[in-house]
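The next block is data12.cif, given as mmCIF, C-alpha atoms and all ligand atoms.
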```
data_upload
#
loop_
_atom_site.label_atom_id
_atom_site.label_comp_id
_atom_site.auth_asym_id
_atom_site.auth_seq_id
_atom_site.Cartn_x
_atom_site.Cartn_y
_atom_site.Cartn_z
CA ALA A 262 0.00 0.00 0.00
CA HIS A 263 1.12 3.55 -0.68
CA GLN A 264 2.33 5.49 2.33
CA TRP A 265 2.43 9.31 2.06
CA ARG A 266 6.12 10.27 2.22
CA GLY A 267 5.96 13.86 3.47
CA VAL A 268 5.85 16.99 1.31
CA ILE A 269 9.51 17.04 0.28
CA ARG A 270 9.52 13.56 -1.23
CA GLU A 271 6.01 13.93 -2.71
CA TYR A 272 6.90 17.22 -4.44
CA ALA A 273 10.70 16.88 -4.75
CA ASP A 274 10.78 18.05 -8.39
CA ARG A 275 9.21 21.37 -7.37
CA LEU A 276 11.33 22.08 -4.29
CA PRO A 277 14.96 23.18 -3.88
CA VAL A 278 16.27 19.71 -2.98
CA THR A 279 18.35 17.07 -4.77
CA GLU A 280 18.81 13.30 -4.58
CA ALA A 281 21.62 13.95 -2.09
CA THR A 282 19.46 15.96 0.32
CA LYS A 283 19.05 14.39 3.76
CA VAL A 284 15.31 14.88 4.28
CA ILE A 285 14.04 15.66 7.79
CA THR A 286 10.36 14.66 7.85
CA LEU A 287 7.62 13.54 10.21
CA GLY A 288 5.28 12.63 7.34
CA GLU A 289 3.62 16.07 7.09
CA GLY A 290 1.12 17.06 4.37
CA GLY A 291 -1.41 14.85 2.61
CA THR A 292 -4.10 16.47 4.78
CA PRO A 293 -7.84 15.98 4.12
CA LEU A 294 -9.81 18.32 1.86
CA VAL A 295 -13.22 18.07 3.49
CA LEU A 296 -16.48 19.15 1.84
CA ALA A 297 -18.08 21.69 4.20
CA GLN A 298 -21.73 20.78 3.72
CA LYS A 299 -23.31 23.56 5.76
CA LEU A 300 -21.05 26.32 4.43
CA SER A 301 -21.84 25.08 0.91
CA GLU A 302 -25.58 25.21 1.65
CA LEU A 303 -25.21 28.67 3.15
CA THR A 304 -23.28 30.20 0.27
CA GLY A 305 -24.51 28.27 -2.78
CA SER A 306 -20.87 27.62 -3.69
CA THR A 307 -18.97 24.37 -3.10
CA VAL A 308 -16.87 25.02 -0.02
CA TYR A 309 -14.02 22.77 1.10
CA LEU A 310 -11.88 22.89 4.23
CA LYS A 311 -8.17 22.06 3.96
CA VAL A 312 -7.76 20.57 7.41
CA GLU A 313 -4.19 21.43 8.38
CA GLY A 314 -4.70 20.39 12.01
CA MET A 315 -4.09 16.85 10.68
CA ASN A 316 -0.36 17.52 10.30
CA PRO A 317 2.07 15.75 12.71
CA THR A 318 2.22 18.61 15.24
CA GLY A 319 -1.33 19.79 14.55
CA SER A 320 -0.77 22.79 12.28
CA PHE A 321 0.27 23.82 8.75
CA LYS A 322 3.68 24.90 10.08
CA ASP A 323 4.99 21.34 9.57
CA ARG A 324 4.98 21.81 5.77
CA GLY A 325 7.49 24.63 6.10
CA MET A 326 9.39 23.12 9.00
CA THR A 327 10.38 19.96 7.09
CA MET A 328 12.08 22.23 4.52
CA ALA A 329 13.59 24.63 7.09
CA MET A 330 15.01 21.81 9.21
CA THR A 331 16.33 20.01 6.12
CA ALA A 332 18.05 23.28 5.12
CA ALA A 333 19.43 23.71 8.65
CA VAL A 334 21.02 20.26 8.54
CA GLU A 335 22.35 20.92 5.02
CA ALA A 336 23.93 24.17 6.29
CA GLY A 337 25.65 22.26 9.10
CA ALA A 338 23.69 24.06 11.84
CA LYS A 339 23.86 22.74 15.40
CA ALA A 340 20.96 24.79 16.78
CA VAL A 341 17.81 26.47 15.47
CA VAL A 342 15.79 29.37 16.82
CA CYS A 343 12.32 30.80 16.17
CA ALA A 344 9.86 33.34 17.47
CA SER A 345 6.32 32.09 17.74
CA THR A 346 2.73 32.59 18.82
CA GLY A 347 2.87 28.84 19.54
CA ASN A 348 2.47 26.65 16.48
CA THR A 349 5.83 27.43 14.90
CA SER A 350 7.53 26.66 18.22
CA ALA A 351 5.69 23.32 18.54
CA SER A 352 6.68 22.39 14.99
CA ALA A 353 10.29 23.60 15.29
CA ALA A 354 10.74 21.66 18.54
CA ALA A 355 9.43 18.42 17.00
CA TYR A 356 11.43 18.69 13.75
CA ALA A 357 14.60 19.72 15.60
CA THR A 358 14.22 16.53 17.62
CA ALA A 359 13.93 14.52 14.39
CA ALA A 360 17.01 16.32 13.03
CA GLY A 361 19.07 15.92 16.20
CA LEU A 362 19.43 19.68 16.59
CA LYS A 363 19.06 21.94 19.62
CA CYS A 364 16.06 24.24 19.50
CA ALA A 365 15.35 27.55 21.21
CA VAL A 366 11.94 29.21 20.98
CA LEU A 367 10.86 32.72 21.96
CA VAL A 368 7.19 33.21 22.78
CA PRO A 369 5.21 36.20 24.06
CA GLU A 370 4.65 35.78 27.79
CA GLY A 371 1.14 34.63 28.72
CA LYS A 372 -0.11 34.74 25.13
CA ILE A 373 0.32 31.21 23.88
CA SER A 374 -2.04 28.31 24.40
CA MET A 375 -1.28 25.51 26.87
CA GLY A 376 -1.30 22.86 24.13
CA LYS A 377 1.39 24.61 22.11
CA LEU A 378 3.50 25.39 25.17
CA SER A 379 3.31 21.71 26.17
CA GLN A 380 4.45 20.55 22.75
CA ALA A 381 7.60 22.70 22.75
CA ILE A 382 8.47 21.51 26.27
CA ALA A 383 7.70 17.86 25.47
CA HIS A 384 10.04 17.92 22.49
CA GLY A 385 12.83 19.32 24.63
CA ALA A 386 13.12 22.85 23.26
CA THR A 387 14.53 25.63 25.39
CA LEU A 388 11.51 27.88 25.74
CA LEU A 389 11.86 31.51 26.77
CA GLN A 390 8.82 33.68 27.48
CA VAL A 391 9.68 37.19 26.35
CA ASP A 392 8.24 40.23 28.08
CA GLY A 393 6.81 41.53 24.81
CA ASN A 394 4.61 40.48 21.88
CA PHE A 395 5.33 38.23 18.86
CA ASP A 396 6.81 41.11 16.87
CA ASN A 397 9.36 41.74 19.66
CA CYS A 398 10.17 38.00 19.77
CA LEU A 399 10.76 37.94 16.01
CA ASP A 400 13.10 40.96 16.22
CA ILE A 401 15.23 39.13 18.77
CA ALA A 402 15.16 35.84 16.82
CA ARG A 403 16.29 37.60 13.63
CA LYS A 404 19.17 39.27 15.48
CA LEU A 405 20.19 35.93 17.01
CA GLY A 406 20.18 34.37 13.53
CA GLU A 407 22.37 37.17 12.15
CA SER A 408 24.94 37.51 14.93
CA TYR A 409 24.99 34.19 16.79
CA PRO A 410 25.55 30.55 15.74
CA VAL A 411 21.84 29.64 15.44
CA PHE A 412 19.78 28.95 12.31
CA LEU A 413 16.52 30.95 12.01
CA VAL A 414 13.45 28.82 11.12
CA ASN A 415 10.79 31.53 11.01
CA SER A 416 9.01 32.11 7.68
CA VAL A 417 11.45 34.93 6.82
CA ASN A 418 13.56 31.88 5.91
CA PRO A 419 12.57 31.19 2.26
CA ALA A 420 12.75 27.41 2.85
CA ARG A 421 9.63 27.73 5.01
CA ILE A 422 7.62 29.33 2.20
CA GLN A 423 8.86 26.66 -0.24
CA GLY A 424 7.49 23.92 2.00
CA GLN A 425 4.20 25.67 2.71
CA LYS A 426 3.44 26.20 -0.99
CA THR A 427 2.70 22.44 -1.19
CA GLY A 428 -0.68 23.13 0.43
CA ALA A 429 -1.79 24.72 -2.86
CA PHE A 430 -0.39 21.77 -4.86
CA GLU A 431 -2.40 19.26 -2.82
CA ILE A 432 -5.63 21.23 -3.32
CA VAL A 433 -5.19 21.41 -7.10
CA ASP A 434 -4.22 17.71 -7.21
CA ALA A 435 -7.40 16.84 -5.27
CA LEU A 436 -9.82 19.07 -7.21
CA GLY A 437 -8.29 18.66 -10.67
CA ASP A 438 -7.89 22.43 -10.99
CA ALA A 439 -7.41 25.48 -8.76
CA PRO A 440 -10.45 26.72 -6.82
CA ASP A 441 -12.03 30.07 -7.74
CA ILE A 442 -11.42 31.53 -4.28
CA HIS A 443 -8.94 30.58 -1.56
CA VAL A 444 -9.66 31.86 1.96
CA LEU A 445 -7.25 31.80 4.91
CA PRO A 446 -6.29 33.56 8.16
CA VAL A 447 -3.41 36.05 7.98
CA GLY A 448 -0.95 36.70 10.79
CA ASN A 449 2.73 37.00 9.96
CA ALA A 450 1.59 36.56 6.32
CA GLY A 451 3.89 33.67 5.38
CA ASN A 452 1.05 31.31 4.52
CA ILE A 453 -0.86 33.59 2.13
CA SER A 454 2.48 34.27 0.39
CA ALA A 455 3.23 30.54 0.21
CA TYR A 456 -0.17 29.51 -1.16
CA TRP A 457 -0.01 32.20 -3.83
CA LYS A 458 3.47 31.02 -4.83
CA GLY A 459 2.18 27.44 -5.06
CA TYR A 460 -0.89 28.35 -7.12
CA LYS A 461 1.21 30.46 -9.52
CA GLU A 462 3.82 27.74 -9.98
CA TYR A 463 1.12 25.14 -10.72
CA SER A 464 -0.61 27.35 -13.31
CA ALA A 465 2.39 27.72 -15.66
CA PRO A 466 5.24 25.53 -16.96
CA PHE A 467 7.78 25.10 -14.15
CA GLU A 468 11.56 24.92 -14.55
CA SER A 469 12.47 22.09 -12.21
CA ALA A 470 16.02 21.94 -10.87
CA THR A 471 16.03 18.16 -11.23
CA ALA A 472 13.33 17.16 -13.77
CA GLY A 473 13.43 19.65 -16.66
CA THR A 474 10.37 21.69 -17.64
CA LEU A 475 7.19 20.48 -15.95
CA PRO A 476 3.85 21.29 -17.63
CA ALA A 477 1.19 23.49 -16.01
CA VAL A 478 -1.15 21.51 -13.75
CA SER A 479 -3.99 24.05 -13.30
CA THR A 480 -5.76 26.30 -15.82
CA LYS A 481 -6.24 29.22 -13.42
CA THR A 482 -5.33 30.73 -10.05
CA PRO A 483 -7.78 31.63 -7.26
CA ALA A 484 -8.56 35.02 -5.77
CA MET A 485 -6.83 35.08 -2.37
CA TRP A 486 -9.10 36.23 0.46
CA GLY A 487 -7.18 36.83 3.70
CA PHE A 488 -8.70 37.61 7.08
CA GLN A 489 -7.03 39.11 10.13
CA ALA A 490 -8.38 39.55 13.65
CA ALA A 491 -9.83 43.07 13.98
CA GLY A 492 -7.53 43.92 16.90
CA ALA A 493 -4.48 42.74 14.95
CA ALA A 494 -5.15 43.88 11.38
CA PRO A 495 -2.15 45.82 10.04
CA PHE A 496 -3.02 45.00 6.40
CA VAL A 497 -6.44 46.59 6.89
CA ALA A 498 -4.89 49.61 8.63
CA GLY A 499 -2.27 49.84 5.87
CA HIS A 500 0.60 50.01 8.36
CA PRO A 501 2.08 47.99 11.26
CA ILE A 502 0.31 48.34 14.61
CA THR A 503 2.16 48.37 17.92
CA GLU A 504 -0.37 46.80 20.33
CA PRO A 505 -2.07 43.90 18.52
CA ASP A 506 -4.81 42.25 20.55
CA THR A 507 -7.18 39.32 19.94
CA ILE A 508 -8.29 36.12 21.68
CA ALA A 509 -6.96 34.33 18.57
CA THR A 510 -3.41 34.29 19.95
CA ALA A 511 -2.04 32.46 16.88
CA ILE A 512 -2.59 35.58 14.77
CA ARG A 513 -1.90 38.25 17.39
CA ILE A 514 0.69 39.99 15.19
CA GLY A 515 1.09 43.71 14.43
CA ASN A 516 4.10 43.83 12.12
CA PRO A 517 3.94 40.93 9.61
CA ALA A 518 7.32 39.86 8.23
CA SER A 519 6.01 38.84 4.78
CA TRP A 520 4.35 42.22 4.13
CA ASP A 521 5.30 42.75 0.48
CA THR A 522 4.62 39.19 -0.70
CA ALA A 523 1.21 39.20 1.02
CA ILE A 524 0.27 42.49 -0.68
CA ALA A 525 1.42 40.97 -3.99
CA ALA A 526 -0.69 37.84 -3.38
CA ARG A 527 -3.71 40.00 -2.61
CA ASP A 528 -3.33 42.30 -5.63
CA GLU A 529 -2.06 39.88 -8.30
CA SER A 530 -4.84 37.40 -7.45
CA GLY A 531 -7.61 40.00 -7.46
CA GLY A 532 -8.37 39.30 -3.79
CA PHE A 533 -8.37 41.30 -0.57
CA ILE A 534 -7.34 41.20 3.10
CA ASP A 535 -10.10 42.13 5.55
CA ALA A 536 -10.72 41.76 9.29
CA VAL A 537 -13.16 39.84 11.50
CA THR A 538 -13.98 40.53 15.16
CA ASP A 539 -13.18 38.10 17.99
CA GLU A 540 -16.92 37.48 18.29
CA GLU A 541 -17.14 36.54 14.60
CA ILE A 542 -14.11 34.28 15.05
CA LEU A 543 -15.70 32.45 18.00
CA ASP A 544 -19.02 32.12 16.11
CA ALA A 545 -17.17 30.53 13.18
CA HIS A 546 -15.23 28.30 15.60
CA ARG A 547 -18.59 27.05 16.94
CA TRP A 548 -19.98 26.68 13.39
CA LEU A 549 -17.08 24.43 12.37
CA SER A 550 -17.37 22.22 15.45
CA ALA A 551 -21.15 22.02 15.65
CA LYS A 552 -22.14 22.01 11.95
CA GLU A 553 -19.21 20.62 9.99
CA GLY A 554 -17.63 18.25 12.52
CA VAL A 555 -14.22 19.92 12.26
CA PHE A 556 -12.51 21.13 15.44
CA VAL A 557 -10.03 23.97 14.98
CA GLU A 558 -8.30 26.52 17.18
CA PRO A 559 -9.80 30.05 17.23
CA GLY A 560 -7.20 31.65 14.92
CA SER A 561 -7.92 28.96 12.35
CA ALA A 562 -11.58 29.97 12.24
CA ALA A 563 -10.81 33.50 10.99
CA GLY A 564 -11.13 32.44 7.33
CA VAL A 565 -14.50 30.81 7.93
CA ALA A 566 -15.61 33.88 9.91
CA GLY A 567 -14.61 35.98 6.92
CA LEU A 568 -16.55 33.88 4.43
CA ILE A 569 -19.68 34.02 6.61
CA LYS A 570 -19.30 37.80 6.97
CA LYS A 571 -18.84 38.31 3.22
CA HIS A 572 -21.82 36.08 2.51
CA ALA A 573 -23.98 38.18 4.86
CA ALA A 574 -22.86 41.25 2.90
CA GLY A 575 -23.89 39.57 -0.37
CA GLU A 576 -20.29 39.44 -1.59
CA VAL A 577 -19.77 35.68 -2.01
CA PRO A 578 -20.55 34.45 -5.55
CA THR A 579 -22.66 31.29 -6.00
CA GLY A 580 -21.72 28.27 -8.11
CA LYS A 581 -17.99 28.63 -7.44
CA THR A 582 -15.41 26.40 -5.79
CA ILE A 583 -14.05 27.85 -2.56
CA VAL A 584 -11.29 26.37 -0.37
CA ILE A 585 -10.67 27.57 3.18
CA THR A 586 -7.46 26.58 4.95
CA VAL A 587 -8.20 25.82 8.60
CA THR A 588 -4.70 26.08 9.94
CA GLY A 589 -4.51 24.39 13.36
CA HIS A 590 -6.18 21.69 15.46
CA GLY A 591 -8.85 22.48 18.07
CA LEU A 592 -6.97 20.49 20.71
CA LYS A 593 -4.21 23.12 20.63
CA ASP A 594 -6.46 25.51 22.54
CA PRO A 595 -9.55 23.56 23.65
CA GLN A 596 -10.84 25.93 26.35
CA TRP A 597 -12.95 27.91 23.85
CA ALA A 598 -15.21 24.92 23.19
CA LEU A 599 -16.28 24.98 26.83
CA ARG A 600 -17.68 28.49 26.56
CA THR A 601 -21.29 29.12 25.59
CA GLU A 602 -22.37 32.03 23.40
CA ASP A 603 -23.19 34.12 26.50
CA GLY A 604 -19.68 33.52 27.86
CA SER A 605 -20.56 31.09 30.66
CA GLU A 606 -18.69 27.79 31.23
CA VAL A 607 -20.23 24.54 30.02
CA GLN A 608 -20.64 22.10 32.92
CA PRO A 609 -21.08 18.40 32.06
CA VAL A 610 -24.25 16.95 33.64
CA LYS A 611 -23.50 14.52 36.50
CA VAL A 612 -25.61 11.36 36.79
CA PRO A 613 -25.67 8.36 39.13
CA ASN A 614 -24.41 4.94 37.99
CA ASP A 615 -27.88 3.86 36.83
CA VAL A 616 -29.33 3.18 33.35
CA VAL A 617 -32.87 4.38 34.09
CA THR A 618 -31.68 7.81 35.24
CA VAL A 619 -29.25 8.07 32.29
CA ALA A 620 -32.03 7.16 29.84
CA SER A 621 -34.34 9.71 31.41
CA GLU A 622 -31.62 12.38 31.32
CA LEU A 623 -31.22 11.61 27.56
CA GLY A 624 -34.97 11.89 27.02
CA LEU A 625 -35.26 8.22 25.99
CA GLU A 626 -38.33 6.06 26.61
CA GLU A 627 -37.94 2.31 27.02
CA ASN A 628 -38.90 0.21 23.90
N1 LIG A 701 -3.30 30.09 11.88
C1 LIG A 701 -2.55 29.56 12.86
C2 LIG A 701 -3.13 28.45 13.66
C3 LIG A 701 -1.24 30.05 13.10
O1 LIG A 701 -0.52 29.51 14.06
C4 LIG A 701 -0.76 31.11 12.31
C5 LIG A 701 0.56 31.66 12.54
C6 LIG A 701 -1.59 31.62 11.30
C7 LIG A 701 -2.84 31.07 11.11
C8 LIG A 701 -1.18 32.72 10.42
O2 LIG A 701 -0.26 32.29 9.45
O3 LIG A 701 1.60 33.80 10.07
O4 LIG A 701 1.61 32.54 7.93
O5 LIG A 701 0.04 34.44 8.27
N2 LIG A 701 1.31 31.32 13.52
C9 LIG A 701 2.70 31.73 13.69
C10 LIG A 701 3.34 30.96 14.84
C11 LIG A 701 2.92 33.19 13.73
O6 LIG A 701 4.29 31.46 15.45
O7 LIG A 701 2.93 29.83 15.09
P1 LIG A 701 0.82 33.33 8.88
#
```
Starting from the file, lay out its structure as C-alpha cells.
Amino acid sequence: AHQWRGVIREYADRLPVTEATKVITLGEGGTPLVLAQKLSELTGSTVYLKVEGMNPTGSFKDRGMTMAMTAAVEAGAKAVVCASTGNTSASAAAYATAAGLKCAVLVPEGKISMGKLSQAIAHGATLLQVDGNFDNCLDIARKLGESYPVFLVNSVNPARIQGQKTGAFEIVDALGDAPDIHVLPVGNAGNISAYWKGYKEYSAPFESATAGTLPAVSTKTPAMWGFQAAGAAPFVAGHPITEPDTIATAIRIGNPASWDTAIAARDESGGFIDAVTDEEILDAHRWLSAKEGVFVEPGSAAGVAGLIKKHAAGEVPTGKTIVITVTGHGLKDPQWALRTEDGSEVQPVKVPNDVVTVASELGLEEN
C-alpha cells in the first residue's frame, strides 16, 4: 500500500532539494480536503476545508518546517531558533528533535495556548517567554540568527515558504484544478504568500532543478481572500500596529514579516485582506465544530468567519469552488469549546451509575 512520504519527497521536483538531500520529515502534508456541507448550503458555492490540524504537530507549520530543518542540517547548523505565537515553536521543537538539533523558541509571555507550550516543552526545546509580543520575539530571533551561531526557522527563511506552498499543490491535485477563491487567516503573512506562490507555480510551466520543464497543472489561479483579527489587522490599517490584541493568539501579530509578498498575493490574485472581530471568530469556531464536525483553534476559524461575513454582505458568488485553509487543530487551545455564546462555562451533567436515570436524562423512553 502507498504510504504518504511527506511533502519534500512527494513534491521533490518542485522544491529546492536534490537526490543527495538528507530529508528531515515527520510525514507532514497529505491532509484531508473536506467538503463543508453547511457552508456550501449557506453560500450556494462548493466550499471545502483544507484541514491542516491533521499535520504531525497539529498545524500547517509542519509543511514549512520539514524544509527549514532540512536546510538547517544541510547548512551544518547545530541549533535552530524561532519566534512564535505557539504553532511554529511546537513544529520547530518536533522537527529539531527529528534532526538531532538543539532548538530555542521565543514566545510572548502569557499569550500562547497551553497545548502549544506543552508541545515545545515535550520535544525538549529551550523555551523563553519574552516580556513583549510576537513582533518583539521575532526581532530578537532575527538578530540571534544574524549575529549568533543559530539557524533561524521563522518564515522569513525562504525554505519555510517553499514547504508551505505544497498546500496549494495538494488542493489542485485533489480538485483537478485550482479553486475560484482561496480563503485563509493572515498573521505573519507567510502562509498567504506561500499559497499564492504554489498556485502560480502550478498554473504555468515550471523549470524544475532536477526534472526539466514540468507542464502546467492548473488552468487558473484563485482570488486570495485573507482575514485578520480586527484587533491585529495591520493590512487593513495599511501600516504595522504596535499593540495587537485578539483572543486568537495564533494571529496576534502587528508587524507581519512577509508584508510585500502578502500584498502581492492580494493584488495579483484580485483578492483582498479584511478583518473579523473576535466574536465573529468564536461564532465561526462554533460553526465548524457544531455544523461541519471539524474542530479547529480560534485563529484557524478567521477564514470561515470571513466567508460568513462576506456572505452576509452579499459578496460571495454562487456556483464557485471555494477552499478555506483551517490552519490548526482544536486540541491546541480547547478551552474555547467549553464556553457558551453568552460567555458562561459549560458544565457536564452529572448522573448516578444507573441506566434508568441516564435514559431519562437523555430523554429516551424504554422500547
Ligand atoms: N493560523 C494559525 C493556527 C497560526 O498559528 C498562524 C501563525 C496563522 C494562522 C497565520 O499564518 O503567520 O503565515 O500568516 N502562527 C505563527 C506561529 C505566527 O508562530 O505559530 P501566517
Of the candidates A:Phe321, A:Phe488, A:Trp597, A:Tyr460, which one gets nearest to A:Arg421 if we count only C-alpha atoms?
A:Phe321
Please, which residues have at least one atom within 7 Å of an atom of ligand LIG 701 (chain A), using all atoms listed in the file, listed as a PyMOL selection string?
chain A and resi 320+344-350+446-453+511-512+558+560-561+588-589
Given the choices A:Ala332, A:Ala360, A:Met315, A:Ala472, which gets closest to A:Ala420 if the distance is worked out from only C-alpha atoms?
A:Ala332
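With all atoms listed in the file as the basis for measurement, A:Leu300 is the residue among A:Leu413, A:Leu300, A:Ala281, A:Cys398 that approaches A:Lys570 most closely.
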Could you give me, as a list in words, the residues within 6 Å of A:Ala491, counting all atoms listed in the file and dropping anything in the same chain fewer than 4 positions from it?
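That gives Ala536, Val537 and Thr538 of chain A.
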Excluding A:Met375 and residues on its chain fewer than 4 positions from it, collect all residues at most 9 Å away from it, counting all atoms listed in the file, and give them as a PyMOL selection string.
chain A and resi 379-380+593-594
Write out, as a compact mmCIF listing (two decimals), in the frame of the given file, the residues just selected, with C-alpha atoms.
```txt
# COMPACT_ATOMS: atom_id res chain seq x y z
CA SER A 379 3.31 21.71 26.17
CA GLN A 380 4.45 20.55 22.75
CA LYS A 593 -4.21 23.12 20.63
CA ASP A 594 -6.46 25.51 22.54
```
Long-range neighbours of A:Lys311 as a list in words, 7 Å cut-off, only C-alpha atoms, 6 positions minimum in chain
Thr292, Pro293, Leu294, Val295, Val584, Ile585, Thr586 and Val587 of chain A
Could those selected residues go to a file with C-alpha atoms, as a PDB file, in the frame of the given file?
```pdb
ATOM      1  CA  THR A 292      -4.100  16.470   4.780  1.00  0.00           C
ATOM      2  CA  PRO A 293      -7.840  15.980   4.120  1.00  0.00           C
ATOM      3  CA  LEU A 294      -9.810  18.320   1.860  1.00  0.00           C
ATOM      4  CA  VAL A 295     -13.220  18.070   3.490  1.00  0.00           C
ATOM      5  CA  VAL A 584     -11.290  26.370  -0.370  1.00  0.00           C
ATOM      6  CA  ILE A 585     -10.670  27.570   3.180  1.00  0.00           C
ATOM      7  CA  THR A 586      -7.460  26.580   4.950  1.00  0.00           C
ATOM      8  CA  VAL A 587      -8.200  25.820   8.600  1.00  0.00           C
TER       9      VAL A 587
END
```
Which residues are close to A:Ala525, i.e. within 10 Å by all atoms listed in the file, leaving aside same-chain residues fewer than 5 positions away? Reply as a PyMOL selection string.
chain A and resi 453-454+457+520+530-532
